[in-house]
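Coordinates from target_14.cif are shown below (mmCIF, C-alpha atoms and all ligand atoms).
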```cif
data_coords
loop_
_atom_site.label_atom_id
_atom_site.label_comp_id
_atom_site.auth_asym_id
_atom_site.auth_seq_id
_atom_site.Cartn_x
_atom_site.Cartn_y
_atom_site.Cartn_z
CA MET S 3 49.83 -6.31 -8.88
CA SER S 4 52.71 -3.95 -8.11
CA VAL S 5 53.34 -0.47 -6.74
CA GLU S 6 56.17 1.88 -7.58
CA ILE S 7 56.88 4.59 -5.03
CA THR S 8 58.61 7.86 -5.89
CA ILE S 9 59.43 10.60 -3.41
CA LYS S 10 59.87 14.22 -4.40
CA GLY S 11 60.19 16.65 -1.51
CA GLU S 12 57.05 16.30 0.59
CA VAL S 13 55.13 14.41 -2.08
CA VAL S 14 54.94 10.61 -2.15
CA THR S 15 53.56 9.14 -5.37
CA ALA S 16 52.41 5.54 -5.60
CA TYR S 17 51.99 4.25 -9.14
CA LEU S 18 49.79 1.16 -9.06
CA THR S 19 49.71 -1.57 -11.69
CA GLY S 20 47.41 -4.59 -12.01
CA GLU S 21 44.03 -5.56 -10.55
CA LEU S 22 43.22 -4.06 -7.17
CA ASP S 23 41.06 -6.56 -5.31
CA HIS S 24 41.08 -8.16 -1.84
CA HIS S 25 43.74 -10.65 -2.95
CA ASN S 26 46.19 -7.91 -3.92
CA ALA S 27 45.27 -5.13 -1.50
CA ALA S 28 47.27 -6.26 1.54
CA GLY S 29 50.67 -6.19 -0.18
CA ILE S 30 49.99 -2.80 -1.72
CA ARG S 31 48.83 -1.41 1.61
CA GLU S 32 52.04 -2.46 3.33
CA LYS S 33 54.22 -0.74 0.75
CA ILE S 34 52.24 2.50 0.76
CA ASP S 35 52.09 2.61 4.57
CA GLY S 36 55.83 2.02 4.71
CA ALA S 37 56.40 5.00 2.43
CA ILE S 38 54.05 7.19 4.48
CA ASP S 39 55.71 6.21 7.77
CA SER S 40 59.24 6.86 6.63
CA ASN S 41 58.59 10.04 4.64
CA MET S 42 55.70 11.78 6.42
CA PRO S 43 54.53 13.40 3.17
CA SER S 44 52.22 16.41 3.05
CA LEU S 45 50.65 14.92 -0.08
CA LEU S 46 50.10 11.31 -1.19
CA VAL S 47 49.37 10.84 -4.88
CA LEU S 48 47.71 7.54 -5.78
CA ASP S 49 48.23 7.02 -9.49
CA PHE S 50 45.82 4.39 -10.88
CA GLY S 51 47.27 4.69 -14.39
CA GLY S 52 48.23 1.02 -14.48
CA VAL S 53 45.20 -0.42 -12.70
CA SER S 54 42.86 -2.40 -14.97
CA PHE S 55 40.30 -3.35 -12.31
CA MET S 56 39.23 -2.25 -8.83
CA ASP S 57 36.42 -3.24 -6.49
CA SER S 58 35.40 -2.14 -2.98
CA SER S 59 38.63 -3.59 -1.57
CA GLY S 60 40.34 -0.70 -3.36
CA ILE S 61 37.94 1.72 -1.70
CA GLY S 62 38.89 0.22 1.68
CA LEU S 63 42.54 0.74 0.80
CA ILE S 64 42.01 4.39 -0.17
CA MET S 65 39.89 5.13 2.92
CA GLY S 66 42.43 3.50 5.23
CA ARG S 67 45.31 5.56 3.79
CA TYR S 68 43.16 8.69 3.92
CA ARG S 69 42.50 8.21 7.64
CA CYS S 70 46.21 7.68 8.24
CA LEU S 71 47.14 10.86 6.31
CA GLN S 72 44.48 12.88 8.05
CA LYS S 73 46.17 12.26 11.40
CA HIS S 74 49.24 14.06 10.07
CA GLY S 75 47.25 16.80 8.35
CA ALA S 76 48.36 15.48 4.96
CA LYS S 77 46.31 15.41 1.77
CA MET S 78 45.56 12.82 -0.89
CA HIS S 79 45.25 13.12 -4.63
CA ILE S 80 43.91 10.41 -6.95
CA THR S 81 44.81 10.30 -10.61
CA GLY S 82 44.76 8.03 -13.66
CA ALA S 83 41.53 6.17 -12.80
CA SER S 84 39.85 4.32 -15.70
CA PRO S 85 36.07 4.68 -16.24
CA GLN S 86 35.47 1.39 -14.33
CA ILE S 87 37.48 2.60 -11.34
CA GLU S 88 35.93 6.05 -11.47
CA LYS S 89 32.46 4.47 -11.35
CA VAL S 90 33.34 2.55 -8.18
CA MET S 91 34.94 5.64 -6.62
CA LYS S 92 31.94 7.79 -7.43
CA LEU S 93 29.57 5.31 -5.81
CA ALA S 94 31.76 5.37 -2.71
CA GLY S 95 31.87 9.18 -2.63
CA MET S 96 35.66 9.27 -2.86
CA ASN S 97 35.49 12.75 -4.37
CA ARG S 98 34.60 14.00 -0.90
CA LEU S 99 37.87 12.71 0.56
CA ALA S 100 40.42 13.41 -2.12
CA SER S 101 40.96 15.51 -5.20
CA ILE S 102 40.48 13.35 -8.27
CA ASN S 103 41.38 13.91 -11.88
CA MET T 22 12.08 -17.49 -19.41
CA LYS T 23 13.83 -20.01 -21.61
CA ILE T 24 17.44 -20.73 -20.67
CA ILE T 25 19.75 -20.67 -23.65
CA ASN T 26 23.06 -21.40 -21.98
CA LYS T 27 24.25 -22.35 -18.54
CA PHE T 28 27.50 -22.95 -16.73
CA ASN T 29 28.47 -24.22 -13.40
CA MET T 30 31.67 -23.97 -11.40
CA ASN T 31 33.00 -24.46 -7.92
CA PHE T 32 36.38 -23.68 -6.43
CA TYR T 33 38.19 -23.26 -3.14
CA ALA T 34 37.50 -20.00 -1.34
CA ARG T 35 41.04 -18.78 -1.87
CA SER T 36 41.64 -15.12 -2.58
CA ALA T 37 43.66 -15.98 -5.70
CA ASN T 38 40.35 -17.17 -7.19
CA GLU T 39 38.73 -13.71 -6.99
CA GLY T 40 40.33 -12.74 -10.28
CA PHE T 41 39.75 -16.21 -11.72
CA ALA T 42 35.99 -16.06 -10.99
CA ARG T 43 35.64 -12.57 -12.52
CA SER T 44 37.40 -13.71 -15.68
CA CYS T 45 35.24 -16.83 -16.05
CA ILE T 46 31.95 -14.98 -15.72
CA SER T 47 33.22 -12.24 -17.95
CA ALA T 48 34.09 -14.75 -20.68
CA PHE T 49 30.67 -16.39 -20.35
CA ALA T 50 28.82 -13.05 -20.40
CA SER T 51 30.71 -12.02 -23.52
CA GLN T 52 28.36 -14.26 -25.51
CA LEU T 53 25.74 -11.54 -25.03
CA ASP T 54 27.97 -8.98 -26.74
CA PRO T 55 27.91 -6.54 -23.79
CA THR T 56 29.55 -3.13 -23.86
CA ILE T 57 32.83 -2.73 -21.98
CA GLU T 58 30.93 -0.88 -19.26
CA GLU T 59 28.36 -3.67 -18.88
CA LEU T 60 31.11 -6.26 -18.72
CA ASN T 61 32.98 -4.25 -16.09
CA ASP T 62 29.77 -3.91 -14.05
CA ILE T 63 29.37 -7.69 -14.08
CA LYS T 64 33.03 -8.32 -13.20
CA THR T 65 32.88 -5.88 -10.30
CA ALA T 66 29.65 -7.34 -8.89
CA VAL T 67 31.03 -10.90 -9.11
CA SER T 68 34.25 -9.81 -7.44
CA GLU T 69 32.24 -8.35 -4.54
CA ALA T 70 30.14 -11.47 -4.00
CA VAL T 71 33.09 -13.87 -4.26
CA THR T 72 35.24 -11.75 -1.94
CA ASN T 73 32.43 -11.73 0.62
CA CYS T 74 32.41 -15.53 0.66
CA ILE T 75 36.16 -15.55 1.30
CA VAL T 76 36.44 -12.81 3.92
CA HIS T 77 33.10 -13.18 5.72
CA ALA T 78 31.52 -16.58 5.14
CA TYR T 79 34.54 -18.81 5.79
CA LYS T 80 36.96 -16.50 7.58
CA GLU T 81 39.87 -18.78 8.59
CA LYS T 82 38.28 -21.95 7.20
CA LEU T 83 38.90 -23.13 3.62
CA GLY T 84 35.44 -23.66 2.15
CA LYS T 85 34.08 -23.84 -1.36
CA ILE T 86 32.28 -21.32 -3.53
CA TYR T 87 29.61 -22.46 -6.00
CA ILE T 88 28.62 -20.39 -9.01
CA ILE T 89 25.84 -21.07 -11.50
CA SER T 90 25.36 -18.66 -14.36
CA GLU T 91 22.63 -18.70 -16.98
CA ILE T 92 21.82 -16.79 -20.10
CA ALA T 93 18.08 -16.55 -20.70
CA GLU T 94 16.13 -15.55 -23.76
CA GLY T 95 16.01 -11.79 -24.18
CA GLY T 96 19.63 -11.35 -23.10
CA VAL T 97 19.24 -11.75 -19.34
CA LEU T 98 22.32 -12.91 -17.48
CA LYS T 99 21.74 -14.56 -14.13
CA ILE T 100 24.54 -15.29 -11.67
CA LYS T 101 24.09 -17.27 -8.48
CA ILE T 102 26.99 -17.27 -6.00
CA ARG T 103 26.68 -19.57 -2.99
CA ASP T 104 28.75 -20.44 0.05
CA THR T 105 28.17 -22.84 2.91
CA GLY T 106 29.75 -20.54 5.50
CA CYS T 107 28.56 -18.70 8.60
CA GLY T 108 25.48 -17.04 7.10
CA ILE T 109 24.16 -13.50 7.64
CA GLU T 110 22.21 -12.70 10.78
CA ASN T 111 20.45 -9.59 9.53
CA ILE T 112 20.29 -9.29 5.74
CA GLU T 113 18.66 -5.86 5.71
CA GLN T 114 21.45 -4.47 7.86
CA ALA T 115 24.11 -6.20 5.72
CA LEU T 116 22.68 -4.54 2.61
CA THR T 117 22.91 -1.06 4.15
CA PRO T 118 25.70 0.95 2.50
CA LEU T 119 28.77 1.37 4.75
CA PHE T 120 27.66 -1.42 7.10
CA THR T 121 30.48 -3.85 7.75
CA THR T 122 31.23 -6.37 10.47
CA LEU T 123 34.95 -6.23 9.76
CA GLY T 124 35.91 -2.54 9.87
CA GLY T 125 39.56 -1.70 9.31
CA GLU T 126 40.23 -2.15 5.63
CA ARG T 127 36.63 -2.89 4.61
CA ALA T 128 34.41 -0.11 3.31
CA GLY T 129 31.04 -1.85 3.72
CA LEU T 130 30.20 -1.13 0.10
CA GLY T 131 30.19 -4.56 -1.54
CA PHE T 132 26.41 -4.97 -1.62
CA ALA T 133 25.97 -1.34 -2.64
CA VAL T 134 28.23 -1.98 -5.64
CA MET T 135 26.29 -5.14 -6.58
CA GLN T 136 22.96 -3.32 -6.29
CA SER T 137 24.08 -0.35 -8.28
CA PHE T 138 25.87 -2.27 -11.06
CA MET T 139 23.32 -5.08 -11.59
CA ASP T 140 19.58 -4.93 -12.32
CA SER T 141 18.60 -7.07 -9.36
CA VAL T 142 20.31 -8.55 -6.31
CA LYS T 143 18.64 -11.10 -4.04
CA VAL T 144 20.23 -12.41 -0.86
CA SER T 145 19.11 -15.47 1.04
CA SER T 146 20.96 -16.75 4.05
CA LYS T 147 20.73 -19.14 6.97
CA LEU T 148 22.92 -18.76 10.04
CA GLY T 149 25.47 -21.54 10.18
CA LYS T 150 24.34 -22.89 6.78
CA GLY T 151 25.47 -20.31 4.26
CA THR T 152 24.50 -17.53 1.90
CA THR T 153 23.30 -17.30 -1.70
CA VAL T 154 23.48 -14.10 -3.72
CA THR T 155 21.50 -14.09 -6.98
CA MET T 156 22.05 -11.24 -9.42
CA THR T 157 20.63 -10.50 -12.85
CA LYS T 158 21.50 -8.05 -15.58
CA LYS T 159 19.83 -7.58 -18.93
CA ILE T 160 22.22 -6.96 -21.78
CA LEU T 161 20.49 -4.92 -24.45
CA PRO T 162 21.19 -5.89 -28.03
CA ARG T 163 23.39 -3.35 -29.74
CA ILE T 164 22.63 -1.72 -33.04
CA THR T 165 25.67 -2.38 -35.16
CA VAL T 166 26.77 -0.32 -38.09
CA ASN T 167 27.54 -2.30 -41.25
CA GLY T 168 25.55 -5.36 -40.17
N1 LIG S 201 28.73 -14.46 2.08
C1 LIG S 201 28.62 -13.86 3.28
N2 LIG S 201 28.61 -14.60 4.42
C2 LIG S 201 28.50 -14.02 5.64
N3 LIG S 201 28.38 -12.68 5.82
C3 LIG S 201 28.37 -11.89 4.73
C4 LIG S 201 28.49 -12.42 3.42
N4 LIG S 201 28.43 -11.40 2.54
C5 LIG S 201 28.29 -10.28 3.27
N5 LIG S 201 28.23 -10.56 4.59
C6 LIG S 201 28.04 -9.57 5.69
O1 LIG S 201 27.49 -8.40 5.14
C7 LIG S 201 28.30 -7.26 5.45
C8 LIG S 201 28.23 -6.26 4.30
O2 LIG S 201 28.84 -6.78 3.12
P1 LIG S 201 29.48 -5.77 2.07
O3 LIG S 201 30.11 -6.56 0.99
O4 LIG S 201 28.45 -4.77 1.69
O5 LIG S 201 30.59 -5.00 2.91
P2 LIG S 201 32.01 -5.55 3.42
O6 LIG S 201 32.34 -6.83 2.75
O7 LIG S 201 32.00 -5.55 4.91
O8 LIG S 201 33.01 -4.40 2.90
P3 LIG S 201 33.54 -4.23 1.40
O9 LIG S 201 32.73 -5.13 0.51
O10 LIG S 201 33.33 -2.79 1.07
O11 LIG S 201 34.97 -4.62 1.42
C9 LIG S 201 29.67 -7.82 5.73
O12 LIG S 201 30.43 -6.98 6.56
C10 LIG S 201 29.33 -9.17 6.39
O13 LIG S 201 29.04 -8.99 7.75
MG MG S 202 32.22 -7.06 0.70
#
```
Go through the file and emit its structure as structure tokens.
Amino acid sequence: MSVEITIKGEVVTAYLTGELDHHNAAGIREKIDGAIDSNMPSLLVLDFGGVSFMDSSGIGLIMGRYRCLQKHGAKMHITGASPQIEKVMKLAGMNRLASIN
Amino acid sequence: MKIINKFNMNFYARSANEGFARSCISAFASQLDPTIEELNDIKTAVSEAVTNCIVHAYKEKLGKIYIISEIAEGGVLKIKIRDTGCGIENIEQALTPLFTTLGGERAGLGFAVMQSFMDSVKVSSKLGKGTTVTMTKKILPRITVNG
């Protein structure tokens, strides 16, 4: 699993690749949090375009980042989710926290 | 119900095996010719149960996870995932969506995912002895075009 971070003005985009489970979540979290801390974005885009699998550990990751962004008044956008990932996100009510497409 | 096929595995409760366990069950379940969605449902549910053994049942200890999976007549897949870890004090509470004893990075949605993606989920547990999660899902035969 890997994450590629790009910064454009106040927008930090994290492009995720691989299978997002408990085993992989910690490393991804560190990298995203590092990018949030050093850039203080007004918007974090989580791009799931390269993610082939996600379970509730991914939901924990999204919710944790959301809470962190909320403290700074920043927003989150989720994109590129496959049908499997979308199904898990829907069950978790992620659409209430972030804009998803 | 007559059992047509059965497989049995056990492995160390290491997080690297979360993906391994999903792949194994997925390969076994493929015999039932499931749709991609059905297969993903099974993989996700297995991932939840196996992860729970690793993060909750054994915590710092390195224990073992035991999985038995069966295919029964009529296309029913049964998966039993067992640990010999700490056990669950209050199963009803554990099954409640958003309930978690770990907080932080856990959403408390593992059991909710299992219940929503599988046909049935049964949990039995004994404090200090361990937990067994038994799930079933019926895979409907597909009508295929051109035989
Ligand atoms: N195998 C197990 N052994 C001991 N306790 C367990 C086990 N499985 C689940 N539990 C308990 O049940 C609770 C709920 O489990 P569930 O999978 O729904 O949520 P979670 O694991 O806390 O969070 P998430 O799955 O969203 O990451 C856990 O917090 C834990 O206390
Ligand atoms: Mg869980």
Counting only C-alpha atoms and all ligand atoms, name the residues that have an atom within 9 Å of an atom of ligand LIG 201 (chain S); the answer should be given as a CSV table (one decimal) with C-alpha atoms, in the coordinates of the input.
```
chain,number,residue,atom,x,y,z
S,24,HIS,CA,41.1,-8.2,-1.8
S,57,ASP,CA,36.4,-3.2,-6.5
S,58,SER,CA,35.4,-2.1,-3.0
S,59,SER,CA,38.6,-3.6,-1.6
S,60,GLY,CA,40.3,-0.7,-3.4
S,61,ILE,CA,37.9,1.7,-1.7
S,62,GLY,CA,38.9,0.2,1.7
T,69,GLU,CA,32.2,-8.4,-4.5
T,70,ALA,CA,30.1,-11.5,-4.0
T,71,VAL,CA,33.1,-13.9,-4.3
T,72,THR,CA,35.2,-11.8,-1.9
T,73,ASN,CA,32.4,-11.7,0.6
T,74,CYS,CA,32.4,-15.5,0.7
T,75,ILE,CA,36.2,-15.6,1.3
T,76,VAL,CA,36.4,-12.8,3.9
T,77,HIS,CA,33.1,-13.2,5.7
T,78,ALA,CA,31.5,-16.6,5.1
T,79,TYR,CA,34.5,-18.8,5.8
T,102,ILE,CA,27.0,-17.3,-6.0
T,103,ARG,CA,26.7,-19.6,-3.0
T,104,ASP,CA,28.8,-20.4,0.0
T,105,THR,CA,28.2,-22.8,2.9
T,106,GLY,CA,29.8,-20.5,5.5
T,107,CYS,CA,28.6,-18.7,8.6
T,108,GLY,CA,25.5,-17.0,7.1
T,109,ILE,CA,24.2,-13.5,7.6
T,110,GLU,CA,22.2,-12.7,10.8
T,111,ASN,CA,20.4,-9.6,9.5
T,112,ILE,CA,20.3,-9.3,5.7
T,114,GLN,CA,21.4,-4.5,7.9
T,115,ALA,CA,24.1,-6.2,5.7
T,116,LEU,CA,22.7,-4.5,2.6
T,117,THR,CA,22.9,-1.1,4.2
T,118,PRO,CA,25.7,1.0,2.5
T,119,LEU,CA,28.8,1.4,4.8
T,120,PHE,CA,27.7,-1.4,7.1
T,121,THR,CA,30.5,-3.8,7.8
T,122,THR,CA,31.2,-6.4,10.5
T,123,LEU,CA,35.0,-6.2,9.8
T,124,GLY,CA,35.9,-2.5,9.9
T,126,GLU,CA,40.2,-2.2,5.6
T,127,ARG,CA,36.6,-2.9,4.6
T,128,ALA,CA,34.4,-0.1,3.3
T,129,GLY,CA,31.0,-1.8,3.7
T,130,LEU,CA,30.2,-1.1,0.1
T,131,GLY,CA,30.2,-4.6,-1.5
T,132,PHE,CA,26.4,-5.0,-1.6
T,133,ALA,CA,26.0,-1.3,-2.6
T,134,VAL,CA,28.2,-2.0,-5.6
T,135,MET,CA,26.3,-5.1,-6.6
T,144,VAL,CA,20.2,-12.4,-0.9
T,146,SER,CA,21.0,-16.8,4.0
T,148,LEU,CA,22.9,-18.8,10.0
T,151,GLY,CA,25.5,-20.3,4.3
T,152,THR,CA,24.5,-17.5,1.9
T,153,THR,CA,23.3,-17.3,-1.7
T,154,VAL,CA,23.5,-14.1,-3.7
```
Using all atoms listed in the file, find the residues of chain S whose closest atom to chain T is at most 10 Å away, then write them as a short mmCIF file (atom, residue, chain, number, x, y, z; two decimals) with C-alpha atoms, keeping the file's coordinate frame.
```cif
data_model
loop_
_atom_site.label_atom_id
_atom_site.label_comp_id
_atom_site.auth_asym_id
_atom_site.auth_seq_id
_atom_site.Cartn_x
_atom_site.Cartn_y
_atom_site.Cartn_z
CA GLU S 21 44.03 -5.56 -10.55
CA LEU S 22 43.22 -4.06 -7.17
CA ASP S 23 41.06 -6.56 -5.31
CA HIS S 24 41.08 -8.16 -1.84
CA HIS S 25 43.74 -10.65 -2.95
CA ASN S 26 46.19 -7.91 -3.92
CA ALA S 27 45.27 -5.13 -1.50
CA ALA S 28 47.27 -6.26 1.54
CA ARG S 31 48.83 -1.41 1.61
CA PHE S 55 40.30 -3.35 -12.31
CA MET S 56 39.23 -2.25 -8.83
CA ASP S 57 36.42 -3.24 -6.49
CA SER S 58 35.40 -2.14 -2.98
CA SER S 59 38.63 -3.59 -1.57
CA GLY S 60 40.34 -0.70 -3.36
CA ILE S 61 37.94 1.72 -1.70
CA GLY S 62 38.89 0.22 1.68
CA LEU S 63 42.54 0.74 0.80
CA ILE S 64 42.01 4.39 -0.17
CA MET S 65 39.89 5.13 2.92
CA GLY S 66 42.43 3.50 5.23
CA ARG S 67 45.31 5.56 3.79
CA PRO S 85 36.07 4.68 -16.24
CA GLN S 86 35.47 1.39 -14.33
CA ILE S 87 37.48 2.60 -11.34
CA LYS S 89 32.46 4.47 -11.35
CA VAL S 90 33.34 2.55 -8.18
CA LEU S 93 29.57 5.31 -5.81
CA ALA S 94 31.76 5.37 -2.71
#
```
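CA of Ile9 in chain S lies 13.2 Å from CA of Lys33 in chain S.
Coordinates place CA of Leu48 in chain S at a distance of 8.7 Å from CA of Val14 in chain S.
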Quick one: everything within 8 Å of Asp54 in chain T, counting all atoms listed in the file, minus sequence neighbours fewer than 4 positions away in the same chain. Send it as a PDB file with C-alpha atoms, in the frame of the given file.
```pdb
ATOM      1  CA  ALA T  50      28.820 -13.050 -20.400  1.00  0.00           C
ATOM      2  CA  ILE T 160      22.220  -6.960 -21.780  1.00  0.00           C
ATOM      3  CA  PRO T 162      21.190  -5.890 -28.030  1.00  0.00           C
ATOM      4  CA  ARG T 163      23.390  -3.350 -29.740  1.00  0.00           C
TER       5      ARG T 163
END
```
Identify, on the basis of only C-alpha atoms, every residue whose closest approach to Glu6 in chain S does not exceed 7 Å; exclude the query and any residue fewer than 5 positions from it along the same chain; express the result as a PDB file with C-alpha atoms, in the frame of the given file.
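What follows is the written file selection_9.pdb:
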```pdb
ATOM      1  CA  ALA S  16      52.410   5.540  -5.600  1.00  0.00           C
ATOM      2  CA  TYR S  17      51.990   4.250  -9.140  1.00  0.00           C
ATOM      3  CA  LEU S  18      49.790   1.160  -9.060  1.00  0.00           C
TER       4      LEU S  18
END
```
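Checking S:Gln72, S:His79, S:Phe50, S:Ile7 one by one against Ala37 in chain S, counting only C-alpha atoms, you find the shortest gap at S:Ile7.
Rounded to one decimal, CA of Ile38 in chain S and CA of Gly95 in chain S lie 23.4 Å from each other.
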Expected answer as a PyMOL selection string: all residues with atoms within 10 Å of (47.6, 13.8, 2.3), all atoms listed in the file: chain S and resi 12-14+38+42-47+67-79+99-100
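Closest to Gly36 in chain S among S:Val5, S:Val53, S:Met91, S:Ser101 is S:Val5, based on all atoms listed in the file.
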